[in-house]
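Peer 1: Dropping in final-v4.txt, with compact mmCIF, C-alpha atoms.
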```
# COMPACT_ATOMS: atom_id res chain seq x y z
CA MET A 13 112.65 110.23 65.36
CA ARG A 14 112.07 111.88 68.69
CA ASP A 15 114.88 111.66 71.26
CA VAL A 16 113.81 109.74 74.34
CA ALA A 17 115.48 110.49 77.66
CA VAL A 18 116.30 107.31 79.55
CA HIS A 19 116.71 107.53 83.31
CA HIS A 20 119.39 105.33 84.84
CA GLU A 21 119.36 104.89 88.61
CA THR A 22 122.68 105.85 90.10
CA VAL A 23 124.33 102.94 91.90
CA VAL A 24 127.20 103.77 94.20
CA PRO A 25 130.15 101.53 93.31
CA GLN A 26 131.15 99.32 96.21
CA ALA A 27 134.64 100.77 95.92
CA GLN A 28 133.13 103.91 97.45
CA GLN A 29 131.13 102.07 100.11
CA ASP A 30 132.20 101.06 103.60
CA ILE A 31 132.87 97.34 103.35
CA THR A 32 132.97 97.08 107.14
CA ASP A 33 129.28 98.04 107.49
CA GLY A 34 126.69 95.38 106.73
CA GLY A 35 123.83 97.87 106.68
CA PRO A 36 120.39 97.89 108.36
CA ASP A 37 119.27 94.61 106.76
CA MET A 38 122.03 92.65 108.49
CA VAL A 39 120.89 90.32 111.28
CA GLN A 40 123.04 90.87 114.36
CA PHE A 41 122.63 90.05 118.06
CA VAL A 42 126.05 90.86 119.57
CA ASP A 43 128.25 93.86 118.77
CA GLY A 44 132.03 93.95 118.52
CA GLU A 45 132.45 94.19 122.31
CA GLY A 46 130.06 91.37 123.08
CA THR A 47 127.12 93.51 124.14
CA ARG A 48 123.72 91.94 123.47
CA LEU A 49 121.77 94.18 121.13
CA GLU A 50 118.12 95.09 121.39
CA ARG A 51 115.55 93.71 118.99
CA THR A 52 115.44 95.31 115.55
CA ALA A 53 113.36 94.77 112.43
CA ALA A 54 116.17 92.60 111.06
CA ASN A 55 116.84 90.36 114.05
CA THR A 56 113.37 90.02 115.58
CA PRO A 57 112.34 87.04 113.39
CA TYR A 58 115.26 85.07 114.85
CA ALA A 59 115.29 86.39 118.42
CA GLU A 60 113.43 83.44 119.94
CA ILE A 61 116.05 81.03 118.59
CA VAL A 62 118.84 82.96 120.29
CA GLU A 63 116.89 83.39 123.50
CA ALA A 64 116.31 79.62 123.67
CA LEU A 65 120.08 78.98 123.81
CA THR A 66 121.47 78.07 127.23
CA PRO A 67 124.66 79.33 128.90
CA GLU A 68 126.15 75.91 128.16
CA ASP A 69 125.33 76.40 124.46
CA GLY A 70 127.21 79.68 124.58
CA ARG A 71 130.25 78.15 126.25
CA SER A 72 130.24 75.28 123.78
CA MET A 73 130.15 77.67 120.83
CA TYR A 74 133.04 79.65 122.28
CA ARG A 75 135.04 76.45 122.70
CA ASP A 76 134.43 75.55 119.05
CA LEU A 77 135.56 78.99 117.90
CA VAL A 78 138.82 78.79 119.84
CA LEU A 79 139.68 75.22 118.86
CA VAL A 80 138.88 75.81 115.20
CA ARG A 81 141.10 78.88 115.15
CA ARG A 82 143.94 76.94 116.75
CA LEU A 83 143.57 74.15 114.21
CA ASP A 84 143.74 76.76 111.47
CA ALA A 85 146.87 78.33 112.98
CA GLU A 86 148.58 74.93 113.14
CA GLY A 87 147.65 74.21 109.53
CA HIS A 88 149.22 77.49 108.46
CA ALA A 89 152.37 76.87 110.50
CA LEU A 90 152.74 73.31 109.22
CA GLN A 91 152.56 74.50 105.63
CA ARG A 92 155.20 77.15 106.26
CA GLN A 93 157.46 74.43 107.69
CA GLY A 94 157.05 72.24 104.62
CA GLU A 95 154.73 69.69 106.22
CA LEU A 96 151.68 70.58 104.07
CA GLY A 97 151.50 71.41 100.40
CA LEU A 98 148.94 74.19 100.88
CA TRP A 99 146.64 75.61 103.55
CA PRO A 100 143.57 77.85 102.98
CA SER A 101 143.05 79.80 106.20
CA LEU A 102 139.66 80.60 107.71
CA LEU A 103 141.05 83.20 110.15
CA GLY A 104 138.24 85.65 110.91
CA GLN A 105 135.48 83.42 109.54
CA GLU A 106 135.18 81.05 112.50
CA ALA A 107 131.77 82.32 113.64
CA ALA A 108 130.25 81.99 110.19
CA GLN A 109 131.31 78.37 109.94
CA VAL A 110 130.69 77.25 113.51
CA GLY A 111 127.28 78.93 113.61
CA ALA A 112 126.23 77.29 110.35
CA GLY A 113 127.70 73.90 111.20
CA ARG A 114 126.03 73.72 114.60
CA ALA A 115 122.64 74.53 113.08
CA MET A 116 122.68 71.34 111.01
CA ARG A 117 121.08 68.08 112.08
CA ALA A 118 122.78 64.71 111.69
CA GLN A 119 120.69 63.81 108.61
CA ASP A 120 121.50 67.06 106.78
CA PHE A 121 124.23 67.00 104.13
CA ALA A 122 126.91 69.65 103.60
CA PHE A 123 128.82 70.49 100.42
CA PRO A 124 131.90 72.61 101.27
CA GLY A 125 134.40 74.49 99.20
CA TYR A 126 137.95 74.14 100.52
CA ARG A 127 138.05 76.57 103.46
CA GLU A 128 135.24 75.13 105.59
CA HIS A 129 137.39 73.67 108.38
CA GLY A 130 134.97 75.01 111.01
CA VAL A 131 131.99 73.29 109.41
CA ALA A 132 134.06 70.11 109.14
CA TRP A 133 134.82 70.34 112.85
CA CYS A 134 131.12 70.63 113.69
CA ARG A 135 130.29 67.66 111.44
CA GLY A 136 132.77 65.40 113.22
CA ILE A 137 135.62 65.42 110.71
CA GLU A 138 138.85 64.75 112.59
CA PRO A 139 141.52 67.46 112.20
CA GLU A 140 143.99 64.79 111.11
CA GLN A 141 141.74 63.99 108.16
CA LEU A 142 141.91 67.61 107.00
CA LEU A 143 145.68 67.66 107.32
CA ALA A 144 146.07 64.36 105.45
CA LEU A 145 144.29 65.90 102.48
CA PHE A 146 146.59 68.93 102.33
CA ARG A 147 149.65 66.81 103.04
CA GLY A 148 148.83 64.75 99.98
CA VAL A 149 148.79 61.37 101.70
CA ASP A 150 145.08 60.69 101.28
CA ASN A 151 142.82 60.68 98.25
CA GLY A 152 140.06 62.59 99.98
CA GLY A 153 140.39 62.62 103.74
CA TRP A 154 137.07 61.14 104.90
CA SER A 155 134.00 59.22 103.81
CA PRO A 156 131.20 61.66 102.85
CA SER A 157 128.50 59.06 103.43
CA GLU A 158 129.52 58.47 107.06
CA LEU A 159 129.28 62.07 108.27
CA ASN A 160 127.11 63.66 105.57
CA TYR A 161 129.96 65.98 104.66
CA HIS A 162 131.16 65.98 101.07
CA LEU A 163 134.82 66.09 100.18
CA TYR A 164 136.40 69.51 99.68
CA THR A 165 135.83 71.00 96.24
CA ILE A 166 138.72 72.93 94.75
CA VAL A 167 136.96 74.05 91.54
CA ILE A 168 135.25 77.31 92.54
CA GLY A 169 131.47 76.99 92.67
CA ASN A 170 131.38 73.40 91.41
CA GLN A 171 129.92 72.14 94.69
CA MET A 172 126.81 74.28 94.24
CA LEU A 173 125.50 72.08 91.43
CA HIS A 174 126.33 68.94 93.39
CA ALA A 175 124.42 70.29 96.39
CA THR A 176 121.37 71.28 94.35
CA GLY A 177 121.20 67.89 92.68
CA TYR A 178 121.54 66.13 96.02
CA ALA A 179 118.76 68.28 97.50
CA MET A 180 116.47 67.47 94.57
CA GLY A 181 117.27 63.80 95.19
CA MET A 182 116.17 64.17 98.80
CA GLN A 183 112.80 65.41 97.55
CA ARG A 184 112.43 62.32 95.43
CA ASP A 185 113.46 60.09 98.33
CA GLY A 186 110.59 61.49 100.39
CA VAL A 187 112.69 62.88 103.25
CA VAL A 188 111.39 66.46 102.99
CA GLY A 189 108.20 67.89 104.45
CA THR A 190 107.04 64.73 106.22
CA GLY A 191 106.80 66.36 109.63
CA ASP A 192 109.19 63.81 111.14
CA GLU A 193 112.07 65.75 112.71
CA ASP A 194 114.28 62.67 112.72
CA ARG A 195 113.71 62.06 109.02
CA ASP A 196 113.29 65.37 107.22
CA ALA A 197 116.62 66.59 105.84
CA ALA A 198 118.15 69.50 103.99
CA VAL A 199 121.37 70.36 102.19
CA MET A 200 123.80 73.20 102.79
CA ALA A 201 126.18 74.46 100.11
CA PHE A 202 129.10 76.68 101.08
CA THR A 203 130.97 79.11 98.86
CA GLY A 204 132.67 82.49 99.05
CA ASP A 205 131.77 85.81 97.47
CA GLY A 206 134.03 84.94 94.54
CA GLY A 207 132.02 81.80 93.91
CA THR A 208 128.89 83.86 93.20
CA ALA A 209 130.46 85.01 89.92
CA GLN A 210 130.71 81.45 88.61
CA GLY A 211 128.25 79.98 86.16
CA ASP A 212 127.81 76.88 88.30
CA PHE A 213 126.61 79.04 91.18
CA ASN A 214 123.95 80.81 89.14
CA GLU A 215 122.82 77.64 87.39
CA SER A 216 122.37 75.93 90.74
CA LEU A 217 120.19 78.77 91.99
CA VAL A 218 117.98 78.46 88.90
CA PHE A 219 117.44 74.74 89.54
CA ALA A 220 117.01 75.21 93.30
CA GLY A 221 114.37 77.88 92.86
CA VAL A 222 112.38 76.12 90.16
CA ALA A 223 112.49 72.78 91.99
CA ASN A 224 111.80 74.34 95.41
CA ALA A 225 114.76 72.28 96.60
CA PRO A 226 115.52 71.81 100.33
CA LEU A 227 118.75 73.77 100.00
CA VAL A 228 120.47 76.50 102.02
CA ILE A 229 123.10 78.41 100.03
CA PHE A 230 125.64 79.82 102.47
CA VAL A 231 127.83 82.55 100.98
CA GLN A 232 130.75 83.66 103.14
CA ASN A 233 131.30 87.18 101.88
CA ASN A 234 134.83 87.78 103.18
CA GLN A 235 135.15 90.83 100.90
CA TRP A 236 137.94 89.44 98.70
CA ALA A 237 137.98 86.74 96.01
CA ILE A 238 141.74 86.26 96.28
CA SER A 239 142.75 89.79 95.18
CA GLU A 240 139.42 90.86 93.65
CA PRO A 241 137.21 93.13 95.80
CA ASN A 242 133.43 92.83 95.80
CA TYR A 243 132.86 95.83 93.55
CA LYS A 244 134.63 94.00 90.73
CA GLN A 245 132.37 90.96 91.17
CA PHE A 246 128.84 92.27 91.57
CA ARG A 247 126.72 95.43 91.75
CA VAL A 248 124.05 93.85 93.96
CA PRO A 249 125.08 92.00 97.15
CA PRO A 250 124.52 88.23 97.22
CA TYR A 251 121.57 88.22 99.62
CA GLN A 252 119.57 90.59 97.40
CA ARG A 253 120.20 88.50 94.32
CA ALA A 254 118.26 85.55 95.73
CA GLN A 255 114.97 87.31 94.99
CA GLY A 256 115.71 87.12 91.27
CA PHE A 257 115.77 83.33 91.54
CA GLY A 258 112.50 83.20 93.47
CA PHE A 259 113.48 82.61 97.08
CA PRO A 260 114.54 84.60 100.17
CA GLY A 261 117.96 86.08 100.79
CA ILE A 262 119.28 87.11 104.22
CA ARG A 263 122.39 89.01 105.26
CA VAL A 264 123.76 88.05 108.66
CA ASP A 265 126.73 89.33 110.64
CA GLY A 266 129.19 86.56 109.88
CA ASN A 267 131.29 87.43 112.94
CA ASP A 268 128.36 86.95 115.32
CA VAL A 269 128.07 83.21 115.97
CA LEU A 270 124.68 83.59 117.68
CA ALA A 271 123.18 85.41 114.71
CA VAL A 272 124.63 82.96 112.20
CA TYR A 273 123.29 80.01 114.16
CA ALA A 274 119.81 81.51 114.44
CA VAL A 275 119.50 82.51 110.78
CA THR A 276 120.85 79.19 109.55
CA LYS A 277 118.63 77.15 111.85
CA ALA A 278 115.55 78.99 110.60
CA ALA A 279 116.56 78.48 106.96
CA LEU A 280 117.26 74.78 107.46
CA ASP A 281 113.97 74.29 109.30
CA ASN A 282 112.14 75.85 106.36
CA ALA A 283 114.02 73.72 103.85
CA ARG A 284 113.29 70.49 105.73
CA ALA A 285 109.61 71.45 105.94
CA GLY A 286 109.42 71.72 102.14
CA GLN A 287 109.40 75.52 101.97
CA GLY A 288 112.29 75.65 99.54
CA PRO A 289 115.73 77.26 99.40
CA THR A 290 117.23 80.24 101.18
CA LEU A 291 120.41 82.16 100.42
CA ILE A 292 122.36 83.36 103.45
CA GLU A 293 125.12 85.92 103.02
CA ALA A 294 127.45 85.87 106.02
CA PHE A 295 129.05 89.32 106.04
CA THR A 296 132.54 88.65 107.34
CA TYR A 297 136.23 89.10 106.53
CA ARG A 298 139.25 86.99 105.72
CA LEU A 299 141.91 88.29 108.11
CA GLY A 300 144.65 86.16 106.60
CA ALA A 301 145.74 85.29 103.10
CA HIS A 302 143.53 83.52 100.57
CA THR A 303 145.88 80.55 100.86
CA THR A 304 149.50 80.16 101.94
CA SER A 305 150.51 80.95 98.35
CA ASP A 306 148.91 84.42 98.53
CA ASP A 307 150.23 87.77 99.80
CA PRO A 308 147.26 90.01 100.78
CA THR A 309 149.52 93.01 101.49
CA LYS A 310 149.75 93.44 97.72
CA TYR A 311 146.09 94.33 97.29
CA ARG A 312 144.55 95.59 100.57
CA SER A 313 145.46 98.04 103.28
CA ALA A 314 146.55 97.29 106.83
CA ALA A 315 144.01 99.85 108.06
CA GLU A 316 141.17 97.81 106.58
CA VAL A 317 142.40 94.67 108.31
CA ASP A 318 142.73 96.52 111.63
CA ILE A 319 139.10 97.63 111.47
CA TRP A 320 137.96 94.06 111.00
CA ARG A 321 140.17 92.79 113.80
CA GLU A 322 138.00 94.84 116.15
CA LYS A 323 135.05 92.74 114.95
CA ASP A 324 136.83 89.51 115.88
CA PRO A 325 134.27 86.71 116.47
CA ILE A 326 136.12 85.15 119.41
CA LYS A 327 136.61 88.48 121.14
CA ARG A 328 132.93 89.36 120.90
CA MET A 329 131.71 85.93 122.04
CA ARG A 330 134.03 86.08 125.03
CA GLY A 331 132.71 89.55 125.80
CA PHE A 332 129.14 88.30 125.56
CA LEU A 333 129.77 85.36 127.91
CA SER A 334 131.56 87.56 130.45
CA GLN A 335 128.94 90.30 130.42
CA LYS A 336 126.20 87.72 130.97
CA GLY A 337 128.17 85.94 133.69
CA TYR A 338 128.09 82.69 131.73
CA ALA A 339 131.85 82.06 131.91
CA ASP A 340 134.83 82.97 134.09
CA ASP A 341 138.62 82.99 133.79
CA ALA A 342 138.84 79.34 134.80
CA PHE A 343 136.67 78.38 131.85
CA TYR A 344 138.68 80.45 129.36
CA GLU A 345 141.92 78.99 130.69
CA SER A 346 140.59 75.45 130.32
CA VAL A 347 139.67 76.11 126.70
CA ASP A 348 143.12 77.55 126.02
CA ARG A 349 144.72 74.45 127.52
CA GLU A 350 142.57 72.26 125.34
CA ALA A 351 143.63 74.30 122.30
CA ASP A 352 147.30 73.74 123.22
CA GLU A 353 146.68 70.02 123.52
CA LEU A 354 144.92 69.98 120.15
CA ALA A 355 147.88 71.76 118.55
CA VAL A 356 150.34 69.14 119.86
CA ARG A 357 148.05 66.34 118.75
CA VAL A 358 147.58 67.51 115.16
CA ARG A 359 151.22 68.49 114.71
CA THR A 360 152.45 65.11 115.93
CA ALA A 361 149.89 63.26 113.81
CA CYS A 362 150.77 65.26 110.70
CA GLN A 363 154.50 64.66 111.00
CA ASN A 364 153.99 60.93 111.52
CA MET A 365 151.54 60.24 108.70
CA PRO A 366 152.77 57.28 106.61
CA GLU A 367 153.44 57.85 102.94
CA PRO A 368 150.83 56.13 100.76
CA SER A 369 151.83 53.47 98.27
CA GLN A 370 152.17 54.76 94.73
CA GLU A 371 149.44 52.56 93.31
CA ARG A 372 146.86 53.75 95.85
CA MET A 373 145.91 56.74 93.71
CA PHE A 374 144.26 54.28 91.32
CA ASP A 375 142.48 52.16 93.93
CA GLU A 376 139.75 54.48 95.23
CA ILE A 377 138.32 56.05 92.07
CA TYR A 378 135.46 53.68 91.22
CA VAL A 379 133.59 51.25 93.45
CA ASP A 380 134.12 48.43 90.96
CA PRO A 381 137.24 47.72 88.85
CA HIS A 382 137.45 49.90 85.74
CA PRO A 383 139.41 48.63 82.72
CA VAL A 384 140.83 52.03 81.77
CA VAL A 385 142.02 52.77 85.31
CA GLU A 386 143.47 49.27 85.64
CA ARG A 387 145.39 49.73 82.41
CA GLU A 388 146.72 53.13 83.51
CA LYS A 389 147.74 51.68 86.88
CA ALA A 390 149.71 48.89 85.19
CA GLN A 391 151.46 51.38 82.91
CA PHE A 392 152.34 53.65 85.82
CA MET A 393 153.73 50.86 87.97
CA GLU A 394 155.80 49.57 85.07
CA TYR A 395 157.19 53.08 84.62
CA GLN A 396 158.06 53.34 88.32
CA ALA A 397 159.71 49.92 88.27
CA GLY A 398 162.07 51.23 85.61
CA PHE A 399 163.60 53.65 88.13
CA GLU A 400 164.17 50.82 90.59
CA THR A 401 165.97 48.81 87.89
CA GLN A 402 168.26 51.75 87.11
CA GLU A 403 169.10 52.25 90.79
CA ALA A 404 169.93 48.59 91.17
CA ARG A 405 172.57 48.94 88.48
```
Have the structure of the file written as structure tokens, please.
Peer 2:
Amino acid sequence: MRDVAVHHETVVPQAQQDITDGGPDMVQFVDGEGTRLERTAANTPYAEIVEALTPEDGRSMYRDLVLVRRLDAEGHALQRQGELGLWPSLLGQEAAQVGAGRAMRAQDFAFPGYREHGVAWCRGIEPEQLLALFRGVDNGGWSPSELNYHLYTIVIGNQMLHATGYAMGMQRDGVVGTGDEDRDAAVMAFTGDGGTAQGDFNESLVFAGVANAPLVIFVQNNQWAISEPNYKQFRVPPYQRAQGFGFPGIRVDGNDVLAVYAVTKAALDNARAGQGPTLIEAFTYRLGAHTTSDDPTKYRSAAEVDIWREKDPIKRMRGFLSQKGYADDAFYESVDREADELAVRVRTACQNMPEPSQERMFDEIYVDPHPVVEREKAQFMEYQAGFETQEAR
């Protein structure tokens, strides 16, 4: 048998690549200092969306970024003081979440993971509802049907299947591609780079592509899946993998709120019009720990974090507003005061949340009474009553 030489293309491991550089395909409109960039091949398709934004839109986005970061800081502090059981920080990812959240219409439906506090903010979830969930005094935190925002999903990637199924249901309900802007709807599913390694994630993309579902998959690539870097998760970046499932993939600067908004708006518009799914990879960075139970100093360098701090989304949006003359010191000071007021409000609310009754955990599982749950509730309450009897003695 004749020996056959097989050529293998050399792929540079991501461990040897610069994880702070999103590359030429990345859609970006504002650099790290806030300077508006010229049109490029990557950002031109979305330039008109950005140019249609008003100075008030810019100020409003900046306000959201600042308030969301302050909420996140209070959540972290409250956990450290024993007021919350856990807190997953979004520090550094504010622009990715605010940009995506603001691009959604009221009739769209979002399926988050457990870090999407910025999207929750944009969808009208009260900060107190987020804190109640992590304080353990509420079974969910909010009603998904009221604000079209699903409950947080702790199982990594699980929400992707839920989102795909919901999007396919929208097709069958006839609320896609009708041409009615007040009726047509789409679904957004949020996950991190770590979630792309899950089977649920890949299965959802198969269904979404085959069904041409009105779905936008929003991957926040913050470079670390807890302590696992990207090069241990995939050889091809998330946005390029979409092509294998039969739909477009886009990489956007996740620290540029204008770019994220524009790319997400375009993808949602396409989905609502019946043009199928899009995968967006928001190239960003988690400046803090994975959760309050994590210590990132064990697996990444301070130098890497410092580089990303220079790409801070709030810093660059403030620079953009100032360079354009859209905001002054009085505006920034007013936003800071509002952030201080928000901090006092959520801290006070968290510390004064009433403890739920013990039987409540059984009361909001099914819409109608369920015999198994009722039996378990009776057994549990009988068990708890035994402690009261012992104390009475």
Peer 1: Nearest to Gly204 (chain A): which of A:Ala237, A:Ala179, A:Val264, A:Ala361 is it, counting all atoms listed in the file?
Peer 2: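 When distances to Gly204 (chain A) are compared using all atoms listed in the file, the smallest one comes from A:Ala237.
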Peer 1: Between A:Asp37, A:Glu86, A:Asp196, A:Glu106, which has the minimum distance to Thr56 (chain A) (counting all atoms listed in the file)?
Peer 2: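 Among the listed residues, A:Asp37 lies closest to Thr56 (chain A).
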Peer 1: Just give me the gap between CA of Gln370 (chain A) and CA of Leu142 (chain A) in Å, one decimal is fine.
Peer 2: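 Computing the Euclidean distance for CA of Gln370 (chain A) and CA of Leu142 (chain A) yields 20.5 Å.
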Peer 1: Can you check which parts of region 17-136 of chain A lie within 9 Å of region 151-166 of chain A? Per residue, the shortest pair of atoms and distance in Å to one decimal, counting all atoms listed in the file, sorted by chain and number, as CSV.
Peer 2:
```
residue,atom,partner,partner_atom,distance
A:Ala118,CA,A:Asn160,CA,7.6
A:Gln119,CA,A:Asn160,CA,7.1
A:Asp120,CA,A:Asn160,CA,6.7
A:Phe121,CA,A:Asn160,CA,4.6
A:Ala122,CA,A:Tyr161,CA,4.9
A:Phe123,CA,A:His162,CA,5.1
A:Pro124,CA,A:Tyr164,CA,5.7
A:Gly125,CA,A:Thr165,CA,4.8
A:Tyr126,CA,A:Tyr164,CA,5.0
A:Arg127,CA,A:Tyr164,CA,8.2
A:Glu128,CA,A:Tyr164,CA,8.2
A:Val131,CA,A:Tyr161,CA,9.0
A:Ala132,CA,A:Tyr161,CA,7.3
A:Arg135,CA,A:Leu159,CA,6.5
A:Gly136,CA,A:Leu159,CA,6.9
```
Peer 1: Between A:Trp236, A:Tyr243, A:Phe202, A:Tyr338, which one has atoms that come closest to Arg298 (chain A), using all atoms listed in the file?
Peer 2: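 Looking only at the distances to Arg298 (chain A), the closest residue turns out to be A:Trp236.
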Peer 1: Which polymer residues have any atom within 7 Å of an atom of Gln40 (chain A), counting all atoms listed in the file, with same-chain residues fewer than 3 positions away left out, as a list in words?
Peer 2: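 Neighbouring residues, sequence-local ones excluded: Asn55, Val264, Asp265, Asp268 and Ala271 of chain A.
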Peer 1: Give as a VMD selection string each residue that has an atom at most 7 Å from (134.1, 78.8, 92.9) in the file, counting only C-alpha atoms.
Peer 2: chain A and resid 167 to 170 203 206 to 207 210
Peer 1: Between CA of Asn233 (chain A) and CA of Arg82 (chain A), what is the distance in Å, rounded to a tenth?
Peer 2: 22.0 Å
Peer 1: So which residues fall inside 7 Å of (113.0, 71.5, 97.0) if we count all atoms listed in the file? Mind giving them as a list in words?
Peer 2: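 Residues with an atom at most 7 Å from (113.0, 71.5, 97.0): Ala179, Met180, Gln183, Ala220, Ala223, Asn224, Ala225, Pro226, Leu227, Gly286, Gly288 and Pro289 of chain A.
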Peer 1: Could you tell me how far CA of Asp69 (chain A) sits from CA of Gly300 (chain A), in Å to one decimal place?
Peer 2: 28.1 Å
Peer 1: Skipping near chain neighbours, those fewer than 2 positions away, what residues fall within 6 Å of Ala274 (chain A) using only C-alpha atoms, listed as a list in words?
Peer 2: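 Here the qualifying residues turn out to be Tyr58, Ile61, Ala271, Val272, Thr276 and Lys277 of chain A.
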Peer 1: Please provide as JSON, numbers by chain all residues within 8 Å of Pro139 (chain A), with the sequence filter that same-chain residues fewer than 3 positions apart are discarded (counting all atoms listed in the file).
Peer 2: {"A": [83, 133, 142, 143, 358]}
Peer 1: Listing only residues of region 257-366 of chain A within 7 Å of region 96-104 of chain A, what is the closest atom pair and its distance in Å (to one decimal) for each, using all atoms listed in the file, sorted by chain and residue number ascending, as a Markdown table?
Peer 2:
```
| residue | atom | partner | partner_atom | distance |
| --- | --- | --- | --- | --- |
| A:Tyr297 | CA | A:Gly104 | CA | 5.9 |
| A:Arg298 | CA | A:Gly104 | CA | 5.5 |
| A:Leu299 | CA | A:Gly104 | CA | 5.3 |
| A:Gly300 | CA | A:Leu103 | CA | 5.9 |
| A:Ala301 | CA | A:Ser101 | CA | 6.9 |
| A:His302 | CA | A:Pro100 | CA | 6.2 |
| A:Thr303 | CA | A:Pro100 | CA | 4.1 |
| A:Thr304 | CA | A:Trp99 | CA | 5.6 |
| A:Asp324 | CA | A:Gly104 | CA | 6.4 |
| A:Pro325 | CA | A:Gly104 | CA | 6.9 |
```
Peer 1: Could you check which of A:Ile326, A:Val269, A:Leu217, A:Val317 is closest to Leu291 (chain A), using all atoms listed in the file?
Peer 2: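 Residue with the minimum atom-to-atom distance to Leu291 (chain A): A:Leu217.
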Peer 1: Pick out the closest residue to Thr296 (chain A) from this set: A:Gln245, A:Thr47, A:Gln105, A:Asn282. Count only C-alpha atoms.
Peer 2: A:Gln105
